[in-house]
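Peer 1: Before I ask anything, here is the structure I am working with.
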Amino acid sequence: MQIRSYSENDRGACLDILSENTPEYFVAGDRDSLDDFLGRPLGPYFVGEENGRVIACGGWAMTSQDTAVLTWGMVRRALHRHGIGRTMLRFRLESIKRDGRAKIVEVHTAQVVQGFFAREGFRVVDVVPDGYGQGLDRVNMELNLARAVEHGVAAVGRPQTAARR
């Protein structure tokens, strides 16, 4: 997989990825929110491409002087559990690290994805039941970037190519 910066030509593919992951990971109203976001990403946004096809996307933005938040990370539904999400996450964490401003990285995710982020060193700081919609809790998690780098959590600084199982 090759990871590159998002371009307007990728909008349809990113919206398709969101649709493939709705309603298990996103709610119907998220399509309009993502479409608006893609018109003006709040920070760096990337796509993962394989054989000329966008298979993943995600980015990040600064929310305060020392905190970054991960934005709209997702992988084509048929390619879940192939390491693509992990590769994209690690790429984004490395991008945040290179930027040098953030000490904390936040992610706002659903309970069905919480374990993925926990395995990468994020910890739960708050849960809002049904925060995204009926049955889809909002789980706020964070990663201390300095501690993660120091302890090698999430292999920050060593993004790898996604391996197929």
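We label chains A, B, ... in the order they appear in the structure tokens, count residues from 1 in each chain, and number ligands from 1 in the order shown.
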From a backbone DSSP assignment, name each residue in chain A labelled strand (DSSP E), as a VMD selection string.
Peer 2: chain A and resid 2 to 5 45 to 50 53 to 64 67 to 75 104 to 110 123 to 133 136 to 144
Peer 1: Give the helix (DSSP H, G or I) residues of range 25-118 of chain A, as assigned by DSSP on the backbone, as a PDB file with all heavy atoms, in the first residue's frame.
Peer 2:
ATOM      1  N   ASP A  30     -23.310  10.738   9.069  1.00  0.00           N
ATOM      2  CA  ASP A  30     -21.872  10.982   8.958  1.00  0.00           C
ATOM      3  C   ASP A  30     -21.428  11.265   7.530  1.00  0.00           C
ATOM      4  O   ASP A  30     -20.410  11.909   7.310  1.00  0.00           O
ATOM      5  CB  ASP A  30     -21.071   9.798   9.508  1.00  0.00           C
ATOM      6  CG  ASP A  30     -21.062   9.742  11.018  1.00  0.00           C
ATOM      7  OD1 ASP A  30     -21.317  10.781  11.660  1.00  0.00           O
ATOM      8  OD2 ASP A  30     -20.798   8.651  11.568  1.00  0.00           O
ATOM      9  N   ARG A  31     -22.192  10.787   6.551  1.00  0.00           N
ATOM     10  CA  ARG A  31     -21.799  11.009   5.151  1.00  0.00           C
ATOM     11  C   ARG A  31     -21.723  12.505   4.834  1.00  0.00           C
ATOM     12  O   ARG A  31     -20.768  12.965   4.225  1.00  0.00           O
ATOM     13  CB  ARG A  31     -22.753  10.286   4.208  1.00  0.00           C
ATOM     14  CG  ARG A  31     -22.314  10.386   2.756  1.00  0.00           C
ATOM     15  CD  ARG A  31     -23.201   9.542   1.844  1.00  0.00           C
ATOM     16  NE  ARG A  31     -22.843   9.725   0.460  1.00  0.00           N
ATOM     17  CZ  ARG A  31     -21.878   9.076  -0.162  1.00  0.00           C
ATOM     18  NH1 ARG A  31     -21.167   8.190   0.468  1.00  0.00           N
ATOM     19  NH2 ARG A  31     -21.619   9.323  -1.435  1.00  0.00           N
ATOM     20  N   ASP A  32     -22.728  13.259   5.259  1.00  0.00           N
ATOM     21  CA  ASP A  32     -22.711  14.705   5.013  1.00  0.00           C
ATOM     22  C   ASP A  32     -21.563  15.369   5.774  1.00  0.00           C
ATOM     23  O   ASP A  32     -20.909  16.269   5.247  1.00  0.00           O
ATOM     24  CB  ASP A  32     -24.043  15.342   5.421  1.00  0.00           C
ATOM     25  CG  ASP A  32     -25.183  14.961   4.479  1.00  0.00           C
ATOM     26  OD1 ASP A  32     -24.919  14.557   3.322  1.00  0.00           O
ATOM     27  OD2 ASP A  32     -26.355  15.057   4.913  1.00  0.00           O
ATOM     28  N   SER A  33     -21.328  14.923   7.004  1.00  0.00           N
ATOM     29  CA  SER A  33     -20.230  15.494   7.800  1.00  0.00           C
ATOM     30  C   SER A  33     -18.883  15.225   7.144  1.00  0.00           C
ATOM     31  O   SER A  33     -18.032  16.111   7.070  1.00  0.00           O
ATOM     32  CB  SER A  33     -20.231  14.913   9.214  1.00  0.00           C
ATOM     33  OG  SER A  33     -21.415  15.271   9.884  1.00  0.00           O
ATOM     34  N   LEU A  34     -18.689  13.997   6.665  1.00  0.00           N
ATOM     35  CA  LEU A  34     -17.424  13.679   5.989  1.00  0.00           C
ATOM     36  C   LEU A  34     -17.292  14.474   4.703  1.00  0.00           C
ATOM     37  O   LEU A  34     -16.214  15.004   4.407  1.00  0.00           O
ATOM     38  CB  LEU A  34     -17.319  12.178   5.707  1.00  0.00           C
ATOM     39  CG  LEU A  34     -16.072  11.756   4.910  1.00  0.00           C
ATOM     40  CD1 LEU A  34     -14.786  12.134   5.652  1.00  0.00           C
ATOM     41  CD2 LEU A  34     -16.108  10.272   4.606  1.00  0.00           C
ATOM     42  N   ASP A  35     -18.364  14.587   3.951  1.00  0.00           N
ATOM     43  CA  ASP A  35     -18.323  15.348   2.699  1.00  0.00           C
ATOM     44  C   ASP A  35     -17.910  16.796   2.965  1.00  0.00           C
ATOM     45  O   ASP A  35     -17.049  17.348   2.267  1.00  0.00           O
ATOM     46  CB  ASP A  35     -19.676  15.273   2.000  1.00  0.00           C
ATOM     47  CG  ASP A  35     -19.622  15.753   0.567  1.00  0.00           C
ATOM     48  OD1 ASP A  35     -18.608  15.505  -0.132  1.00  0.00           O
ATOM     49  OD2 ASP A  35     -20.603  16.382   0.119  1.00  0.00           O
ATOM     50  N   ASP A  36     -18.494  17.403   3.999  1.00  0.00           N
ATOM     51  CA  ASP A  36     -18.107  18.775   4.379  1.00  0.00           C
ATOM     52  C   ASP A  36     -16.637  18.826   4.780  1.00  0.00           C
ATOM     53  O   ASP A  36     -15.898  19.723   4.358  1.00  0.00           O
ATOM     54  CB  ASP A  36     -18.962  19.284   5.546  1.00  0.00           C
ATOM     55  CG  ASP A  36     -20.393  19.570   5.148  1.00  0.00           C
ATOM     56  OD1 ASP A  36     -20.684  19.674   3.930  1.00  0.00           O
ATOM     57  OD2 ASP A  36     -21.239  19.679   6.056  1.00  0.00           O
ATOM     58  N   PHE A  37     -16.212  17.870   5.604  1.00  0.00           N
ATOM     59  CA  PHE A  37     -14.821  17.828   6.055  1.00  0.00           C
ATOM     60  C   PHE A  37     -13.860  17.723   4.869  1.00  0.00           C
ATOM     61  O   PHE A  37     -12.849  18.415   4.824  1.00  0.00           O
ATOM     62  CB  PHE A  37     -14.621  16.632   7.000  1.00  0.00           C
ATOM     63  CG  PHE A  37     -13.192  16.372   7.346  1.00  0.00           C
ATOM     64  CD1 PHE A  37     -12.584  17.041   8.397  1.00  0.00           C
ATOM     65  CD2 PHE A  37     -12.437  15.456   6.624  1.00  0.00           C
ATOM     66  CE1 PHE A  37     -11.249  16.810   8.717  1.00  0.00           C
ATOM     67  CE2 PHE A  37     -11.101  15.223   6.926  1.00  0.00           C
ATOM     68  CZ  PHE A  37     -10.515  15.895   7.976  1.00  0.00           C
ATOM     69  N   LEU A  38     -14.176  16.857   3.915  1.00  0.00           N
ATOM     70  CA  LEU A  38     -13.279  16.654   2.772  1.00  0.00           C
ATOM     71  C   LEU A  38     -13.146  17.911   1.919  1.00  0.00           C
ATOM     72  O   LEU A  38     -12.142  18.097   1.229  1.00  0.00           O
ATOM     73  CB  LEU A  38     -13.752  15.470   1.921  1.00  0.00           C
ATOM     74  CG  LEU A  38     -13.632  14.106   2.591  1.00  0.00           C
ATOM     75  CD1 LEU A  38     -14.309  13.036   1.744  1.00  0.00           C
ATOM     76  CD2 LEU A  38     -12.182  13.752   2.878  1.00  0.00           C
ATOM     77  N   GLY A  39     -14.141  18.784   1.978  1.00  0.00           N
ATOM     78  CA  GLY A  39     -14.051  20.063   1.262  1.00  0.00           C
ATOM     79  C   GLY A  39     -13.026  20.993   1.880  1.00  0.00           C
ATOM     80  O   GLY A  39     -12.439  21.828   1.190  1.00  0.00           O
ATOM     81  N   ARG A  77     -14.367  -1.949   3.958  1.00  0.00           N
ATOM     82  CA  ARG A  77     -14.934  -2.995   4.819  1.00  0.00           C
ATOM     83  C   ARG A  77     -14.350  -4.371   4.520  1.00  0.00           C
ATOM     84  O   ARG A  77     -14.014  -5.129   5.420  1.00  0.00           O
ATOM     85  CB  ARG A  77     -16.462  -3.009   4.658  1.00  0.00           C
ATOM     86  CG  ARG A  77     -17.157  -4.007   5.545  1.00  0.00           C
ATOM     87  CD  ARG A  77     -17.124  -3.514   6.989  1.00  0.00           C
ATOM     88  NE  ARG A  77     -17.825  -4.441   7.851  1.00  0.00           N
ATOM     89  CZ  ARG A  77     -17.220  -5.277   8.697  1.00  0.00           C
ATOM     90  NH1 ARG A  77     -15.921  -5.297   8.792  1.00  0.00           N
ATOM     91  NH2 ARG A  77     -17.923  -6.076   9.442  1.00  0.00           N
ATOM     92  N   ALA A  78     -14.205  -4.726   3.263  1.00  0.00           N
ATOM     93  CA  ALA A  78     -13.705  -6.045   2.884  1.00  0.00           C
ATOM     94  C   ALA A  78     -12.232  -6.252   3.250  1.00  0.00           C
ATOM     95  O   ALA A  78     -11.751  -7.376   3.234  1.00  0.00           O
ATOM     96  CB  ALA A  78     -13.899  -6.269   1.383  1.00  0.00           C
ATOM     97  N   LEU A  79     -11.545  -5.166   3.599  1.00  0.00           N
ATOM     98  CA  LEU A  79     -10.108  -5.254   3.901  1.00  0.00           C
ATOM     99  C   LEU A  79      -9.795  -5.078   5.379  1.00  0.00           C
ATOM    100  O   LEU A  79      -8.627  -4.961   5.752  1.00  0.00           O
ATOM    101  CB  LEU A  79      -9.346  -4.213   3.070  1.00  0.00           C
ATOM    102  CG  LEU A  79      -9.451  -4.418   1.558  1.00  0.00           C
ATOM    103  CD1 LEU A  79      -8.761  -3.278   0.814  1.00  0.00           C
ATOM    104  CD2 LEU A  79      -8.874  -5.757   1.144  1.00  0.00           C
ATOM    105  N   ILE A  84      -4.127  -2.870   7.448  1.00  0.00           N
ATOM    106  CA  ILE A  84      -4.188  -1.585   6.742  1.00  0.00           C
ATOM    107  C   ILE A  84      -4.493  -0.445   7.717  1.00  0.00           C
ATOM    108  O   ILE A  84      -3.852   0.604   7.676  1.00  0.00           O
ATOM    109  CB  ILE A  84      -5.212  -1.648   5.597  1.00  0.00           C
ATOM    110  CG1 ILE A  84      -4.738  -2.663   4.556  1.00  0.00           C
ATOM    111  CG2 ILE A  84      -5.438  -0.270   4.974  1.00  0.00           C
ATOM    112  CD1 ILE A  84      -5.802  -3.089   3.571  1.00  0.00           C
ATOM    113  N   GLY A  85      -5.455  -0.646   8.602  1.00  0.00           N
ATOM    114  CA  GLY A  85      -5.783   0.377   9.597  1.00  0.00           C
ATOM    115  C   GLY A  85      -4.597   0.674  10.496  1.00  0.00           C
ATOM    116  O   GLY A  85      -4.316   1.835  10.804  1.00  0.00           O
ATOM    117  N   ARG A  86      -3.886  -0.343  10.903  1.00  0.00           N
ATOM    118  CA  ARG A  86      -2.707  -0.170  11.754  1.00  0.00           C
ATOM    119  C   ARG A  86      -1.627   0.626  11.006  1.00  0.00           C
ATOM    120  O   ARG A  86      -1.012   1.530  11.555  1.00  0.00           O
ATOM    121  CB  ARG A  86      -2.164  -1.531  12.185  1.00  0.00           C
ATOM    122  CG  ARG A  86      -0.945  -1.434  13.084  1.00  0.00           C
ATOM    123  CD  ARG A  86      -0.591  -2.769  13.712  1.00  0.00           C
ATOM    124  NE  ARG A  86      -1.620  -3.091  14.714  1.00  0.00           N
ATOM    125  CZ  ARG A  86      -2.546  -4.043  14.574  1.00  0.00           C
ATOM    126  NH1 ARG A  86      -2.574  -4.793  13.512  1.00  0.00           N
ATOM    127  NH2 ARG A  86      -3.443  -4.237  15.514  1.00  0.00           N
ATOM    128  N   THR A  87      -1.412   0.279   9.742  1.00  0.00           N
ATOM    129  CA  THR A  87      -0.418   1.000   8.943  1.00  0.00           C
ATOM    130  C   THR A  87      -0.806   2.468   8.796  1.00  0.00           C
ATOM    131  O   THR A  87       0.035   3.357   8.963  1.00  0.00           O
ATOM    132  CB  THR A  87      -0.253   0.344   7.560  1.00  0.00           C
ATOM    133  OG1 THR A  87       0.199  -1.001   7.746  1.00  0.00           O
ATOM    134  CG2 THR A  87       0.750   1.104   6.710  1.00  0.00           C
ATOM    135  N   MET A  88      -2.079   2.733   8.517  1.00  0.00           N
ATOM    136  CA  MET A  88      -2.540   4.122   8.392  1.00  0.00           C
ATOM    137  C   MET A  88      -2.402   4.855   9.717  1.00  0.00           C
ATOM    138  O   MET A  88      -1.963   6.017   9.752  1.00  0.00           O
ATOM    139  CB  MET A  88      -3.995   4.165   7.908  1.00  0.00           C
ATOM    140  CG  MET A  88      -4.208   3.781   6.457  1.00  0.00           C
ATOM    141  SD  MET A  88      -3.478   4.910   5.256  1.00  0.00           S
ATOM    142  CE  MET A  88      -4.483   6.376   5.493  1.00  0.00           C
ATOM    143  N   LEU A  89      -2.775   4.209  10.825  1.00  0.00           N
ATOM    144  CA  LEU A  89      -2.651   4.842  12.139  1.00  0.00           C
ATOM    145  C   LEU A  89      -1.196   5.193  12.420  1.00  0.00           C
ATOM    146  O   LEU A  89      -0.888   6.313  12.827  1.00  0.00           O
ATOM    147  CB  LEU A  89      -3.201   3.939  13.242  1.00  0.00           C
ATOM    148  CG  LEU A  89      -2.959   4.429  14.669  1.00  0.00           C
ATOM    149  CD1 LEU A  89      -3.637   5.771  14.918  1.00  0.00           C
ATOM    150  CD2 LEU A  89      -3.424   3.379  15.677  1.00  0.00           C
ATOM    151  N   ARG A  90      -0.308   4.278  12.223  1.00  0.00           N
ATOM    152  CA  ARG A  90       1.107   4.518  12.509  1.00  0.00           C
ATOM    153  C   ARG A  90       1.680   5.598  11.605  1.00  0.00           C
ATOM    154  O   ARG A  90       2.500   6.401  12.035  1.00  0.00           O
ATOM    155  CB  ARG A  90       1.884   3.211  12.410  1.00  0.00           C
ATOM    156  CG  ARG A  90       1.507   2.278  13.550  1.00  0.00           C
ATOM    157  CD  ARG A  90       2.183   0.947  13.451  1.00  0.00           C
ATOM    158  NE  ARG A  90       1.774   0.097  14.574  1.00  0.00           N
ATOM    159  CZ  ARG A  90       2.179  -1.137  14.738  1.00  0.00           C
ATOM    160  NH1 ARG A  90       3.006  -1.688  13.869  1.00  0.00           N
ATOM    161  NH2 ARG A  90       1.773  -1.837  15.787  1.00  0.00           N
ATOM    162  N   PHE A  91       1.226   5.641  10.361  1.00  0.00           N
ATOM    163  CA  PHE A  91       1.651   6.704   9.456  1.00  0.00           C
ATOM    164  C   PHE A  91       1.201   8.065   9.992  1.00  0.00           C
ATOM    165  O   PHE A  91       1.969   9.026  10.016  1.00  0.00           O
ATOM    166  CB  PHE A  91       1.077   6.466   8.054  1.00  0.00           C
ATOM    167  CG  PHE A  91       1.518   7.484   7.049  1.00  0.00           C
ATOM    168  CD1 PHE A  91       2.666   7.279   6.293  1.00  0.00           C
ATOM    169  CD2 PHE A  91       0.798   8.652   6.851  1.00  0.00           C
ATOM    170  CE1 PHE A  91       3.086   8.222   5.364  1.00  0.00           C
ATOM    171  CE2 PHE A  91       1.201   9.605   5.930  1.00  0.00           C
ATOM    172  CZ  PHE A  91       2.359   9.388   5.183  1.00  0.00           C
ATOM    173  N   ARG A  92      -0.047   8.138  10.460  1.00  0.00           N
ATOM    174  CA  ARG A  92      -0.570   9.405  10.993  1.00  0.00           C
ATOM    175  C   ARG A  92       0.171   9.797  12.267  1.00  0.00           C
ATOM    176  O   ARG A  92       0.489  10.967  12.459  1.00  0.00           O
ATOM    177  CB  ARG A  92      -2.073   9.307  11.242  1.00  0.00           C
ATOM    178  CG  ARG A  92      -2.842   9.174   9.935  1.00  0.00           C
ATOM    179  CD  ARG A  92      -4.320   9.267  10.122  1.00  0.00           C
ATOM    180  NE  ARG A  92      -4.883   8.099  10.778  1.00  0.00           N
ATOM    181  CZ  ARG A  92      -6.094   8.079  11.328  1.00  0.00           C
ATOM    182  NH1 ARG A  92      -6.866   9.146  11.322  1.00  0.00           N
ATOM    183  NH2 ARG A  92      -6.552   6.974  11.886  1.00  0.00           N
ATOM    184  N   LEU A  93       0.443   8.824  13.140  1.00  0.00           N
ATOM    185  CA  LEU A  93       1.191   9.135  14.368  1.00  0.00           C
ATOM    186  C   LEU A  93       2.592   9.632  14.033  1.00  0.00           C
ATOM    187  O   LEU A  93       3.100  10.560  14.665  1.00  0.00           O
ATOM    188  CB  LEU A  93       1.251   7.914  15.283  1.00  0.00           C
ATOM    189  CG  LEU A  93      -0.074   7.494  15.918  1.00  0.00           C
ATOM    190  CD1 LEU A  93       0.092   6.183  16.681  1.00  0.00           C
ATOM    191  CD2 LEU A  93      -0.641   8.582  16.812  1.00  0.00           C
ATOM    192  N   GLU A  94       3.213   9.057  13.033  1.00  0.00           N
ATOM    193  CA  GLU A  94       4.538   9.520  12.618  1.00  0.00           C
ATOM    194  C   GLU A  94       4.446  10.936  12.052  1.00  0.00           C
ATOM    195  O   GLU A  94       5.312  11.770  12.318  1.00  0.00           O
ATOM    196  CB  GLU A  94       5.133   8.567  11.583  1.00  0.00           C
ATOM    197  CG  GLU A  94       6.443   9.038  10.997  1.00  0.00           C
ATOM    198  CD  GLU A  94       7.565   9.234  12.004  1.00  0.00           C
ATOM    199  OE1 GLU A  94       7.527   8.657  13.109  1.00  0.00           O
ATOM    200  OE2 GLU A  94       8.499  10.006  11.688  1.00  0.00           O
ATOM    201  N   SER A  95       3.398  11.234  11.306  1.00  0.00           N
ATOM    202  CA  SER A  95       3.204  12.578  10.771  1.00  0.00           C
ATOM    203  C   SER A  95       3.042  13.590  11.904  1.00  0.00           C
ATOM    204  O   SER A  95       3.622  14.683  11.868  1.00  0.00           O
ATOM    205  CB  SER A  95       1.968  12.595   9.858  1.00  0.00           C
ATOM    206  OG  SER A  95       1.687  13.881   9.385  1.00  0.00           O
ATOM    207  N   ILE A  96       2.286  13.218  12.928  1.00  0.00           N
ATOM    208  CA  ILE A  96       2.108  14.091  14.092  1.00  0.00           C
ATOM    209  C   ILE A  96       3.437  14.285  14.804  1.00  0.00           C
ATOM    210  O   ILE A  96       3.801  15.403  15.187  1.00  0.00           O
ATOM    211  CB  ILE A  96       1.046  13.501  15.051  1.00  0.00           C
ATOM    212  CG1 ILE A  96      -0.338  13.512  14.389  1.00  0.00           C
ATOM    213  CG2 ILE A  96       1.019  14.261  16.379  1.00  0.00           C
ATOM    214  CD1 ILE A  96      -1.381  12.655  15.107  1.00  0.00           C
ATOM    215  N   LYS A  97       4.170  13.201  14.963  1.00  0.00           N
ATOM    216  CA  LYS A  97       5.475  13.276  15.626  1.00  0.00           C
ATOM    217  C   LYS A  97       6.428  14.197  14.854  1.00  0.00           C
ATOM    218  O   LYS A  97       7.101  15.044  15.433  1.00  0.00           O
ATOM    219  CB  LYS A  97       6.067  11.867  15.739  1.00  0.00           C
ATOM    220  CG  LYS A  97       7.362  11.823  16.493  1.00  0.00           C
ATOM    221  CD  LYS A  97       7.884  10.396  16.548  1.00  0.00           C
ATOM    222  CE  LYS A  97       9.337  10.432  16.216  1.00  0.00           C
ATOM    223  NZ  LYS A  97       9.896   9.239  15.716  1.00  0.00           N
ATOM    224  N   ARG A  98       6.464  14.055  13.530  1.00  0.00           N
ATOM    225  CA  ARG A  98       7.348  14.906  12.703  1.00  0.00           C
ATOM    226  C   ARG A  98       6.949  16.376  12.822  1.00  0.00           C
ATOM    227  O   ARG A  98       7.796  17.253  12.807  1.00  0.00           O
ATOM    228  CB  ARG A  98       7.283  14.475  11.242  1.00  0.00           C
ATOM    229  CG  ARG A  98       8.216  13.363  10.885  1.00  0.00           C
ATOM    230  CD  ARG A  98       8.359  13.169   9.374  1.00  0.00           C
ATOM    231  NE  ARG A  98       7.121  13.296   8.627  1.00  0.00           N
ATOM    232  CZ  ARG A  98       6.306  12.294   8.336  1.00  0.00           C
ATOM    233  NH1 ARG A  98       6.561  11.079   8.730  1.00  0.00           N
ATOM    234  NH2 ARG A  98       5.207  12.515   7.641  1.00  0.00           N
ATOM    235  N   ASP A  99       5.655  16.644  12.907  1.00  0.00           N
ATOM    236  CA  ASP A  99       5.180  18.017  13.047  1.00  0.00           C
ATOM    237  C   ASP A  99       5.736  18.650  14.325  1.00  0.00           C
ATOM    238  O   ASP A  99       6.059  19.835  14.344  1.00  0.00           O
ATOM    239  CB  ASP A  99       3.646  18.037  13.057  1.00  0.00           C
ATOM    240  CG  ASP A  99       3.082  19.415  13.273  1.00  0.00           C
ATOM    241  OD1 ASP A  99       3.064  20.207  12.310  1.00  0.00           O
ATOM    242  OD2 ASP A  99       2.680  19.715  14.422  1.00  0.00           O
ATOM    243  N   GLN A 114     -12.778   0.452  19.719  1.00  0.00           N
ATOM    244  CA  GLN A 114     -11.995   0.805  20.902  1.00  0.00           C
ATOM    245  C   GLN A 114     -10.823  -0.152  21.126  1.00  0.00           C
ATOM    246  O   GLN A 114      -9.713   0.286  21.439  1.00  0.00           O
ATOM    247  CB  GLN A 114     -12.942   0.811  22.093  1.00  0.00           C
ATOM    248  CG  GLN A 114     -12.330   0.794  23.433  1.00  0.00           C
ATOM    249  CD  GLN A 114     -13.402   0.738  24.521  1.00  0.00           C
ATOM    250  OE1 GLN A 114     -14.587   0.949  24.278  1.00  0.00           O
ATOM    251  NE2 GLN A 114     -12.980   0.456  25.721  1.00  0.00           N
ATOM    252  N   GLY A 115     -11.010  -1.442  20.952  1.00  0.00           N
ATOM    253  CA  GLY A 115      -9.947  -2.421  21.172  1.00  0.00           C
ATOM    254  C   GLY A 115      -8.772  -2.225  20.238  1.00  0.00           C
ATOM    255  O   GLY A 115      -7.610  -2.410  20.633  1.00  0.00           O
ATOM    256  N   PHE A 116      -9.042  -1.840  18.997  1.00  0.00           N
ATOM    257  CA  PHE A 116      -7.976  -1.563  18.031  1.00  0.00           C
ATOM    258  C   PHE A 116      -7.053  -0.478  18.562  1.00  0.00           C
ATOM    259  O   PHE A 116      -5.824  -0.633  18.580  1.00  0.00           O
ATOM    260  CB  PHE A 116      -8.582  -1.143  16.680  1.00  0.00           C
ATOM    261  CG  PHE A 116      -7.594  -0.538  15.732  1.00  0.00           C
ATOM    262  CD1 PHE A 116      -6.727  -1.334  15.017  1.00  0.00           C
ATOM    263  CD2 PHE A 116      -7.528   0.839  15.561  1.00  0.00           C
ATOM    264  CE1 PHE A 116      -5.793  -0.767  14.140  1.00  0.00           C
ATOM    265  CE2 PHE A 116      -6.616   1.416  14.697  1.00  0.00           C
ATOM    266  CZ  PHE A 116      -5.737   0.603  13.974  1.00  0.00           C
ATOM    267  N   PHE A 117      -7.631   0.620  19.017  1.00  0.00           N
ATOM    268  CA  PHE A 117      -6.820   1.724  19.515  1.00  0.00           C
ATOM    269  C   PHE A 117      -6.136   1.366  20.834  1.00  0.00           C
ATOM    270  O   PHE A 117      -4.994   1.770  21.069  1.00  0.00           O
ATOM    271  CB  PHE A 117      -7.656   2.998  19.645  1.00  0.00           C
ATOM    272  CG  PHE A 117      -7.988   3.605  18.306  1.00  0.00           C
ATOM    273  CD1 PHE A 117      -9.259   3.461  17.751  1.00  0.00           C
ATOM    274  CD2 PHE A 117      -7.037   4.300  17.577  1.00  0.00           C
ATOM    275  CE1 PHE A 117      -9.565   3.999  16.519  1.00  0.00           C
ATOM    276  CE2 PHE A 117      -7.328   4.842  16.340  1.00  0.00           C
ATOM    277  CZ  PHE A 117      -8.596   4.689  15.807  1.00  0.00           C
ATOM    278  N   ALA A 118      -6.796   0.595  21.679  1.00  0.00           N
ATOM    279  CA  ALA A 118      -6.180   0.161  22.945  1.00  0.00           C
ATOM    280  C   ALA A 118      -4.926  -0.663  22.662  1.00  0.00           C
ATOM    281  O   ALA A 118      -3.899  -0.496  23.333  1.00  0.00           O
ATOM    282  CB  ALA A 118      -7.184  -0.632  23.780  1.00  0.00           C
TER     283      ALA A 118
END
Peer 1: Could you pull the residues within 8 Å of range 43-58 of chain A, counting only C-alpha atoms, minus those fewer than 6 positions along the same chain, as a PyMOL selection string?
Peer 2: chain A and resi 1-6+10+13-14+17+70-76+79+84-85+88-89+92
Peer 1: I'd like the interatomic distance between CA of Thr109 in chain A and CA of Asp137 in chain A, to a tenth of an Å.
Peer 2: 8.1 Å
Peer 1: In terms of the shortest atom-to-atom distance over only C-alpha atoms, which of A:Leu136, A:Ala68, A:Ala61, A:Leu42 is closest to Thr22 in chain A?
Peer 2: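 Among A:Leu136, A:Ala68, A:Ala61, A:Leu42, it is A:Leu136 that comes nearest to Thr22 in chain A.
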Peer 1: Rounded to one decimal, what separation in Å do you get between CA of Asp126 in chain A and CA of Asn140 in chain A?
Peer 2: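 Interatomic distance here is 5.1 Å.
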Peer 1: Mind pulling up the distance from CA of Trp60 in chain A to CA of Val112 in chain A?
Peer 2: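 Distance between the two atoms: 20.6 Å.
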Peer 1: Nearest to Lys103 in chain A: which of A:Gly133, A:Leu145, A:Val124, A:Met62 is it, counting only C-alpha atoms?
Peer 2: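 So, comparing all the options, the nearest one is A:Leu145.
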